[in-house]
Structure formats: C-alpha cells, structure tokens
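S.K.: Sharing input.cif here; it has mmCIF, C-alpha atoms.
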data_upload
loop_
_atom_site.group_PDB
_atom_site.id
_atom_site.type_symbol
_atom_site.label_atom_id
_atom_site.label_comp_id
_atom_site.auth_asym_id
_atom_site.auth_seq_id
_atom_site.Cartn_x
_atom_site.Cartn_y
_atom_site.Cartn_z
ATOM 1 C CA MET A 121 -49.590 4.729 -9.328
ATOM 2 C CA GLU A 122 -47.965 1.281 -9.459
ATOM 3 C CA ILE A 123 -47.435 1.586 -13.190
ATOM 4 C CA SER A 124 -45.815 4.975 -12.721
ATOM 5 C CA LEU A 125 -43.434 3.651 -10.070
ATOM 6 C CA GLY A 126 -42.585 0.681 -12.234
ATOM 7 C CA GLY A 127 -41.792 2.997 -15.103
ATOM 8 C CA GLN A 128 -39.518 5.074 -12.893
ATOM 9 C CA GLY A 129 -37.703 1.942 -11.748
ATOM 10 C CA ALA A 130 -37.155 0.788 -15.302
ATOM 11 C CA SER A 131 -35.932 4.251 -16.271
ATOM 12 C CA SER A 132 -33.503 4.313 -13.328
ATOM 13 C CA HIS A 133 -32.178 0.871 -14.242
ATOM 14 C CA ALA A 134 -31.694 1.896 -17.862
ATOM 15 C CA SER A 135 -29.935 5.080 -16.751
ATOM 16 C CA HIS A 136 -27.594 3.021 -14.570
ATOM 17 C CA ILE A 137 -26.711 0.772 -17.500
ATOM 18 C CA ASP A 138 -26.082 3.816 -19.698
ATOM 19 C CA GLU A 139 -23.747 5.332 -17.103
ATOM 20 C CA GLU A 140 -21.764 2.103 -16.859
ATOM 21 C CA GLY A 141 -21.460 2.011 -20.626
ATOM 22 C CA LYS A 142 -20.121 5.556 -20.702
ATOM 23 C CA VAL A 143 -17.460 4.765 -18.100
ATOM 24 C CA ARG A 144 -16.353 1.643 -19.964
ATOM 25 C CA VAL A 145 -16.195 3.401 -23.311
ATOM 26 C CA GLY A 146 -14.335 6.337 -21.756
ATOM 27 C CA MET A 147 -11.633 4.141 -20.233
ATOM 28 C CA LEU A 148 -11.385 2.025 -23.382
ATOM 29 C CA PHE A 149 -11.013 5.168 -25.484
ATOM 30 C CA TYR A 150 -8.184 6.419 -23.259
ATOM 31 C CA VAL A 151 -6.386 3.074 -23.492
ATOM 32 C CA VAL A 152 -6.716 3.017 -27.293
ATOM 33 C CA VAL A 153 -5.260 6.540 -27.550
ATOM 34 C CA ASP A 154 -2.432 5.524 -25.233
ATOM 35 C CA ILE A 155 -1.727 2.462 -27.382
ATOM 36 C CA MET A 156 -1.489 4.675 -30.457
ATOM 37 C CA PHE A 157 1.077 6.884 -28.723
ATOM 38 C CA ALA A 158 3.031 3.809 -27.628
ATOM 39 C CA LEU A 159 3.110 2.608 -31.242
ATOM 40 C CA PHE A 160 4.580 5.978 -32.172
ATOM 41 C CA LEU A 161 7.320 5.511 -29.557
ATOM 42 C CA VAL A 162 8.123 2.024 -30.829
ATOM 43 C CA SER A 163 8.224 3.313 -34.417
ATOM 44 C CA ALA A 164 10.570 6.131 -33.364
ATOM 45 C CA TYR A 165 12.841 3.624 -31.611
ATOM 46 C CA VAL A 166 13.021 1.377 -34.680
ATOM 47 C CA PHE A 167 13.566 4.327 -37.041
ATOM 48 C CA LEU A 168 16.313 6.003 -35.004
ATOM 49 C CA ARG A 169 18.113 2.722 -34.528
ATOM 50 C CA GLY A 170 17.947 1.968 -38.240
ATOM 51 C CA VAL A 171 19.148 5.410 -39.327
ATOM 52 C CA ASN A 172 21.869 5.656 -36.637
ATOM 53 C CA VAL A 173 22.655 9.269 -37.600
ATOM 54 C CA ASN A 174 26.405 9.956 -37.315
ATOM 55 C CA ASN A 175 26.762 6.693 -35.391
ATOM 56 C CA LEU A 176 25.088 8.327 -32.414
ATOM 57 C CA TRP A 177 22.505 5.614 -31.741
ATOM 58 C CA PHE A 178 24.879 4.081 -29.189
ATOM 59 C CA PRO A 179 28.097 6.149 -29.018
ATOM 60 C CA ASP A 180 31.347 4.506 -27.975
ATOM 61 C CA GLY A 181 31.787 4.491 -24.220
ATOM 62 C CA THR A 182 28.067 4.416 -23.423
ATOM 63 C CA GLN A 183 27.169 1.760 -20.858
ATOM 64 C CA ASN A 184 24.346 -0.657 -21.614
ATOM 65 C CA ILE A 185 21.390 -1.429 -19.358
ATOM 66 C CA ASP A 186 21.365 -4.214 -16.772
ATOM 67 C CA LEU A 187 18.906 -6.870 -17.970
ATOM 68 C CA THR A 188 18.811 -8.489 -14.531
ATOM 69 C CA GLN A 189 17.124 -5.432 -13.049
ATOM 70 C CA THR A 190 14.714 -4.951 -15.946
ATOM 71 C CA THR A 191 13.767 -8.639 -15.870
ATOM 72 C CA PHE A 192 12.958 -8.400 -12.151
ATOM 73 C CA LEU A 193 10.904 -5.217 -12.588
ATOM 74 C CA THR A 194 8.971 -6.673 -15.522
ATOM 75 C CA GLY A 195 8.338 -9.837 -13.521
ATOM 76 C CA LEU A 196 6.802 -7.776 -10.707
ATOM 77 C CA MET A 197 4.526 -6.001 -13.179
ATOM 78 C CA VAL A 198 3.416 -9.264 -14.766
ATOM 79 C CA ALA A 199 2.769 -10.766 -11.318
ATOM 80 C CA SER A 200 0.596 -7.748 -10.487
ATOM 81 C CA GLY A 201 -1.392 -8.308 -13.665
ATOM 82 C CA LEU A 202 -1.853 -12.008 -12.893
ATOM 83 C CA CYS A 203 -3.135 -11.203 -9.396
ATOM 84 C CA PHE A 204 -5.603 -8.782 -10.952
ATOM 85 C CA VAL A 205 -6.725 -11.473 -13.412
ATOM 86 C CA LEU A 206 -7.334 -13.751 -10.417
ATOM 87 C CA ALA A 207 -9.442 -11.082 -8.728
ATOM 88 C CA HIS A 208 -11.341 -10.400 -11.949
ATOM 89 C CA TRP A 209 -12.133 -14.091 -12.319
ATOM 90 C CA ALA A 210 -13.071 -14.425 -8.647
ATOM 91 C CA VAL A 211 -15.555 -11.558 -8.715
ATOM 92 C CA ARG A 212 -17.333 -13.148 -11.672
ATOM 93 C CA GLN A 213 -17.582 -16.360 -9.654
ATOM 94 C CA GLY A 214 -18.766 -14.519 -6.573
ATOM 95 C CA ILE A 215 -15.760 -15.506 -4.429
ATOM 96 C CA GLY A 216 -15.422 -12.393 -2.282
ATOM 97 C CA GLY A 217 -12.407 -13.490 -0.234
ATOM 98 C CA LEU A 218 -10.375 -14.250 -3.344
ATOM 99 C CA VAL A 219 -11.326 -10.886 -4.830
ATOM 100 C CA LYS A 220 -9.923 -9.094 -1.784
ATOM 101 C CA LEU A 221 -6.746 -11.201 -1.810
ATOM 102 C CA GLY A 222 -6.129 -10.788 -5.535
ATOM 103 C CA ILE A 223 -6.721 -7.035 -5.573
ATOM 104 C CA THR A 224 -4.585 -6.479 -2.469
ATOM 105 C CA LEU A 225 -1.640 -8.470 -3.830
ATOM 106 C CA ALA A 226 -1.957 -6.769 -7.211
ATOM 107 C CA ALA A 227 -1.962 -3.345 -5.541
ATOM 108 C CA ILE A 228 1.086 -4.111 -3.386
ATOM 109 C CA LEU A 229 3.027 -5.362 -6.407
ATOM 110 C CA TRP A 230 1.977 -2.271 -8.395
ATOM 111 C CA ILE A 231 3.245 0.091 -5.692
ATOM 112 C CA VAL A 232 6.503 -1.830 -5.259
ATOM 113 C CA THR A 233 7.002 -1.774 -9.033
ATOM 114 C CA LEU A 234 6.469 1.991 -9.084
ATOM 115 C CA ILE A 235 8.979 2.628 -6.295
ATOM 116 C CA LEU A 236 11.624 0.361 -7.818
ATOM 117 C CA ASN A 237 11.156 1.851 -11.290
ATOM 118 C CA VAL A 238 11.722 5.358 -9.943
ATOM 119 C CA GLN A 239 14.845 4.120 -8.188
ATOM 120 C CA TYR A 240 15.973 2.306 -11.343
ATOM 121 C CA MET A 241 15.553 5.386 -13.514
ATOM 122 C CA GLY A 242 17.591 7.432 -11.053
ATOM 123 C CA HIS A 243 20.499 5.022 -11.471
ATOM 124 C CA LEU A 244 20.538 4.518 -15.235
ATOM 125 C CA PRO A 245 24.097 4.294 -16.645
ATOM 126 C CA PHE A 246 23.373 7.175 -19.040
ATOM 127 C CA THR A 247 21.256 10.307 -19.481
ATOM 128 C CA GLN A 248 18.935 11.302 -22.306
ATOM 129 C CA SER A 249 21.845 13.122 -23.973
ATOM 130 C CA GLY A 250 23.910 9.932 -24.266
ATOM 131 C CA GLY A 251 22.794 9.047 -27.791
ATOM 132 C CA GLY A 252 19.667 7.855 -29.579
ATOM 133 C CA PHE A 253 19.272 4.655 -27.576
ATOM 134 C CA ALA A 254 19.746 6.460 -24.275
ATOM 135 C CA SER A 255 17.163 9.136 -25.094
ATOM 136 C CA MET A 256 14.586 6.579 -26.250
ATOM 137 C CA TYR A 257 15.180 4.305 -23.279
ATOM 138 C CA VAL A 258 14.804 7.169 -20.817
ATOM 139 C CA LEU A 259 11.574 8.137 -22.590
ATOM 140 C CA PHE A 260 10.191 4.591 -22.402
ATOM 141 C CA THR A 261 11.112 4.261 -18.737
ATOM 142 C CA ALA A 262 9.629 7.650 -17.843
ATOM 143 C CA TYR A 263 6.426 6.886 -19.737
ATOM 144 C CA HIS A 264 6.080 3.587 -17.884
ATOM 145 C CA ILE A 265 6.513 5.426 -14.573
ATOM 146 C CA TYR A 266 3.860 7.906 -15.707
ATOM 147 C CA HIS A 267 1.484 4.969 -16.262
ATOM 148 C CA LEU A 268 2.214 3.634 -12.804
ATOM 149 C CA LEU A 269 1.741 7.033 -11.163
ATOM 150 C CA LEU A 270 -1.521 7.721 -12.996
ATOM 151 C CA GLY A 271 -2.799 4.277 -12.143
ATOM 152 C CA LEU A 272 -1.964 4.703 -8.465
ATOM 153 C CA MET A 273 -5.257 6.482 -7.791
ATOM 154 C CA PHE A 274 -7.123 3.640 -9.507
ATOM 155 C CA VAL A 275 -5.153 1.087 -7.496
ATOM 156 C CA ILE A 276 -5.883 2.742 -4.155
ATOM 157 C CA GLY A 277 -9.551 3.296 -4.963
ATOM 158 C CA ILE A 278 -10.244 -0.219 -6.212
ATOM 159 C CA THR A 279 -8.368 -1.792 -3.281
ATOM 160 C CA ILE A 280 -10.394 0.148 -0.704
ATOM 161 C CA ARG A 281 -13.640 -0.787 -2.426
ATOM 162 C CA ALA A 282 -12.622 -4.435 -2.696
ATOM 163 C CA LEU A 283 -11.727 -4.632 1.007
ATOM 164 C CA GLN A 284 -15.091 -3.044 1.829
ATOM 165 C CA GLY A 285 -16.784 -5.848 -0.101
ATOM 166 C CA ARG A 286 -18.418 -3.488 -2.579
ATOM 167 C CA TYR A 287 -17.796 -5.693 -5.616
ATOM 168 C CA THR A 288 -20.172 -8.569 -6.299
ATOM 169 C CA ARG A 289 -20.896 -10.967 -9.134
ATOM 170 C CA GLU A 290 -23.616 -8.602 -10.338
ATOM 171 C CA ARG A 291 -21.829 -5.298 -9.669
ATOM 172 C CA HIS A 292 -18.129 -5.214 -10.561
ATOM 173 C CA MET A 293 -17.950 -2.612 -13.291
ATOM 174 C CA GLY A 294 -15.015 -0.915 -11.514
ATOM 175 C CA ILE A 295 -12.843 -4.008 -11.705
ATOM 176 C CA THR A 296 -13.688 -4.582 -15.366
ATOM 177 C CA THR A 297 -13.090 -0.980 -16.377
ATOM 178 C CA ILE A 298 -9.869 -0.489 -14.434
ATOM 179 C CA GLY A 299 -8.781 -3.848 -15.817
ATOM 180 C CA TYR A 300 -8.512 -2.289 -19.284
ATOM 181 C CA TYR A 301 -5.889 0.093 -17.958
ATOM 182 C CA TRP A 302 -4.187 -2.435 -15.679
ATOM 183 C CA TYR A 303 -3.655 -4.984 -18.444
ATOM 184 C CA TRP A 304 -2.411 -2.340 -20.851
ATOM 185 C CA VAL A 305 0.217 -1.095 -18.384
ATOM 186 C CA VAL A 306 1.448 -4.677 -18.019
ATOM 187 C CA VAL A 307 1.642 -5.064 -21.818
ATOM 188 C CA PHE A 308 3.508 -1.762 -22.195
ATOM 189 C CA GLY A 309 5.966 -2.839 -19.511
ATOM 190 C CA ILE A 310 6.623 -6.059 -21.417
ATOM 191 C CA VAL A 311 7.095 -4.167 -24.696
ATOM 192 C CA GLY A 312 9.545 -1.769 -23.045
ATOM 193 C CA TYR A 313 11.434 -4.740 -21.655
ATOM 194 C CA LEU A 314 11.590 -6.764 -24.897
ATOM 195 C CA LEU A 315 12.383 -3.944 -27.320
ATOM 196 C CA PRO A 316 16.025 -3.424 -26.198
ATOM 197 C CA ILE A 317 16.475 -7.219 -26.337
ATOM 198 C CA ILE A 318 14.992 -7.720 -29.801
ATOM 199 C CA LEU A 319 16.606 -4.516 -31.119
ATOM 200 C CA PRO A 320 19.497 -3.922 -28.690
ATOM 201 C CA GLY A 321 21.324 -0.671 -28.119
ATOM 202 C CA PRO A 322 24.831 -1.226 -29.500
ATOM 203 C CA MET A 323 25.268 -1.063 -33.274
ATOM 204 C CA HIS A 324 29.038 -1.185 -33.393
#
Please, can you express the file's structure as structure tokens?

M.R.:
Amino acid sequence: MEISLGGQGASSHASHIDEEGKVRVGMLFYVVVDIMFALFLVSAYVFLRGVNVNNLWFPDGTQNIDLTQTTFLTGLMVASGLCFVLAHWAVRQGIGGLVKLGITLAAILWIVTLILNVQYMGHLPFTQSGGGFASMYVLFTAYHIYHLLLGLMFVIGITIRALQGRYTRERHMGITTIGYYWYWVVVFGIVGYLLPIILPGPMH
C-alpha cells in the first residue's frame, strides 16, 4: 500500500512539472511568434522609408511626433520592467515583501502607461492616411497598445496572487512565465521609440 501511494505521489509530482513546462513553452512560443511579426513591421518601416514612393513617406506639411512625450512613455514602460525584474529576483531569494512591492509598482506603471498611450494616440499630429511614416507610426503605436491591453489580464492576475502571498521561492512559475511577455513588451516599446529616431520621418 505504501509503495502504491509513493508511486502516486511521484506521478502527481511529475505531472505537475509537465504542466509547468507546457505553460512555459506555450508563453514562450507566443512571444517568439510576436517577435517575428514585430520584425516584419520593422522591415516594412525600413523598406517604405527607403523606397519613399512618390515622396509620400513624409509629405510636406505633415507634423512630426513629439519626442518629449514618447520619451516619457517609454521611460514608464522601462520602469515597469525594472520593477518586475526586482520582483522576479526577490521571489527567487524568498523575500516576500519585496515581491509584493515590485509586482504592485510594476502593475501600476503598466496601467498608467496603457492609459497615457491611449491618450497619446488620440492626439497624434497625423492620421494613418498622412503618408508612409504616419501609417507605420500609427500601426506601431496601436500594436503597442494591443500588447498593453492583452497583458492587462496578466498584470491584474499576477498582482492579486502576489499580494495573497501565493508566490514562493519554490513555486513562482507564474512570475517567470509572465515575465517572458512582460520583458518583450518593454523591448517592443523601446524599439518603437528608437526607430523614428534612428530612421526619422522626414526625408526632405
């Protein structure tokens, strides 16, 4: 009887490990696919800027973006990522209070970034029909907002769990897995911020 129970315990433990592996691979697979799509967007940006069909990449009279606003928004996103890194490190060290603080700050910054990005997009100095740069920039901004909206359910869920003290040094698969997505959103935000600086809109 004891041997049978021991076997069941080992089987349950192995099943738990397998389930964790599936979740990690699933999230990692989604992030990889998303990265591939982002590379397509960057390639399209570079191509359209280089071709500049009929000089419509940045038509005369089109207003450029305000780098002050984009710098602030990107800074908020990076700060959110750094707070998440702090929480990720803390949970591995078993520092529960720091996990709660890091996750909470990261979540607040994420939500603020989402709200301000929506507001920013609503006040862009052009529409998607204002030339190649305008259409690509609107697409990048909208895709970043999509990331933030999709991640909102992760943010809320992980924050509630963290405040409940459900993450420990031994059991923190949720933080690790969601971290794949969190870090990628930060990286995409940085790419979207740097691209118009490295390859700016005006070509005349």

S.K.: Which residue out of A:Leu206, A:Leu234, A:Pro245, A:Gly252 has the minimum interatomic distance to A:Leu270 when all atoms listed in the file are used?

M.R.: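 Comparing A:Leu206, A:Leu234, A:Pro245, A:Gly252 against A:Leu270, the winner is A:Leu234.
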
S.K.: Identify which of the residues A:Leu196, A:His243, A:Thr297, A:Arg289 lies closest to A:Trp209, counting all atoms listed in the file when measuring atom-to-atom distances.

M.R.: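 Among the listed residues, the smallest separation from A:Trp209 belongs to A:Arg289.
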
S.K.: Got a sec: who's within 7 Å of stretch 185-194 of chain A, counting only C-alpha atoms, leaving out chain neighbours fewer than 2 positions off, as a list in words?

M.R.: Gln183, Leu196, Met197, Val198, Thr233, Pro245, Gly309, Ile310 and Tyr313 of chain A

S.K.: What residues come out when you apply the PyMOL selection byres ((chain A and resi 175) around 12) to this file, written as a short mmCIF file (atom, residue, chain, number, x, y, z; two decimals) with C-alpha atoms, in the frame of the given file?

M.R.:
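Output below, filename out-v2.cif:
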data_model
loop_
_atom_site.label_atom_id
_atom_site.label_comp_id
_atom_site.auth_asym_id
_atom_site.auth_seq_id
_atom_site.Cartn_x
_atom_site.Cartn_y
_atom_site.Cartn_z
CA LEU A 168 16.31 6.00 -35.00
CA ARG A 169 18.11 2.72 -34.53
CA GLY A 170 17.95 1.97 -38.24
CA VAL A 171 19.15 5.41 -39.33
CA ASN A 172 21.87 5.66 -36.64
CA VAL A 173 22.66 9.27 -37.60
CA ASN A 174 26.40 9.96 -37.32
CA LEU A 176 25.09 8.33 -32.41
CA TRP A 177 22.50 5.61 -31.74
CA PHE A 178 24.88 4.08 -29.19
CA PRO A 179 28.10 6.15 -29.02
CA ASP A 180 31.35 4.51 -27.98
CA GLY A 250 23.91 9.93 -24.27
CA GLY A 251 22.79 9.05 -27.79
CA GLY A 252 19.67 7.86 -29.58
CA PHE A 253 19.27 4.66 -27.58
CA GLY A 321 21.32 -0.67 -28.12
CA PRO A 322 24.83 -1.23 -29.50
CA MET A 323 25.27 -1.06 -33.27
CA HIS A 324 29.04 -1.18 -33.39
#

S.K.: Excluding same-chain residues fewer than 3 positions from A:Val219, what lies within 6 Å of it counting only C-alpha atoms, as an NGL selection string?

M.R.: :A and (207 or 210-211 or 216 or 222)

S.K.: To one decimal place in Å, what is the distance between atom CA of A:Lys142 and atom CA of A:Gly294?

M.R.: 12.3 Å

S.K.: Quick one: residues within 10 Å of A:Ala199, all atoms listed in the file, excluding same-chain residues fewer than 2 positions away - as a PDB file with C-alpha atoms, keeping the file's coordinate frame?

M.R.:
ATOM      1  CA  LEU A 193      10.904  -5.217 -12.588  1.00  0.00           C
ATOM      2  CA  THR A 194       8.971  -6.673 -15.522  1.00  0.00           C
ATOM      3  CA  GLY A 195       8.338  -9.837 -13.521  1.00  0.00           C
ATOM      4  CA  LEU A 196       6.802  -7.776 -10.707  1.00  0.00           C
ATOM      5  CA  MET A 197       4.526  -6.001 -13.179  1.00  0.00           C
ATOM      6  CA  GLY A 201      -1.392  -8.308 -13.665  1.00  0.00           C
ATOM      7  CA  LEU A 202      -1.853 -12.008 -12.893  1.00  0.00           C
ATOM      8  CA  CYS A 203      -3.135 -11.203  -9.396  1.00  0.00           C
ATOM      9  CA  PHE A 204      -5.603  -8.782 -10.952  1.00  0.00           C
ATOM     10  CA  VAL A 205      -6.725 -11.473 -13.412  1.00  0.00           C
ATOM     11  CA  LEU A 225      -1.640  -8.470  -3.830  1.00  0.00           C
ATOM     12  CA  ALA A 226      -1.957  -6.769  -7.211  1.00  0.00           C
ATOM     13  CA  LEU A 229       3.027  -5.362  -6.407  1.00  0.00           C
ATOM     14  CA  TRP A 230       1.977  -2.271  -8.395  1.00  0.00           C
ATOM     15  CA  VAL A 306       1.448  -4.677 -18.019  1.00  0.00           C
TER      16      VAL A 306
END

S.K.: Between atom CA of A:Tyr263 and atom CA of A:Gly146, measure the distance and give it in Å to one decimal.

M.R.: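 If I compute the distance from atom CA of A:Tyr263 to atom CA of A:Gly146, I get 20.9 Å.
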
S.K.: Quick one: 4 Å padding each side, axis-aligned, all listed atoms of stretch 310-318 of chain A - centre and edge lengths in Å to one decimal, as AutoDock Vina command-line options?

M.R.:
--center_x 11.5 --center_y -4.7 --center_z -25.6 --size_x 17.9 --size_y 14.0 --size_z 16.4

S.K.: Interatomic distance between atom CA of A:Glu290 and atom CA of A:Arg212?

M.R.: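 So the two atoms, atom CA of A:Glu290 and atom CA of A:Arg212, lie 7.9 Å apart.
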
S.K.: Calculated over only C-alpha atoms, which of the candidates A:Tyr266, A:Tyr257, A:Tyr240, A:Tyr150 has the smallest distance to A:Val166?

M.R.: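 When distances to A:Val166 are compared using only C-alpha atoms, the smallest one comes from A:Tyr257.
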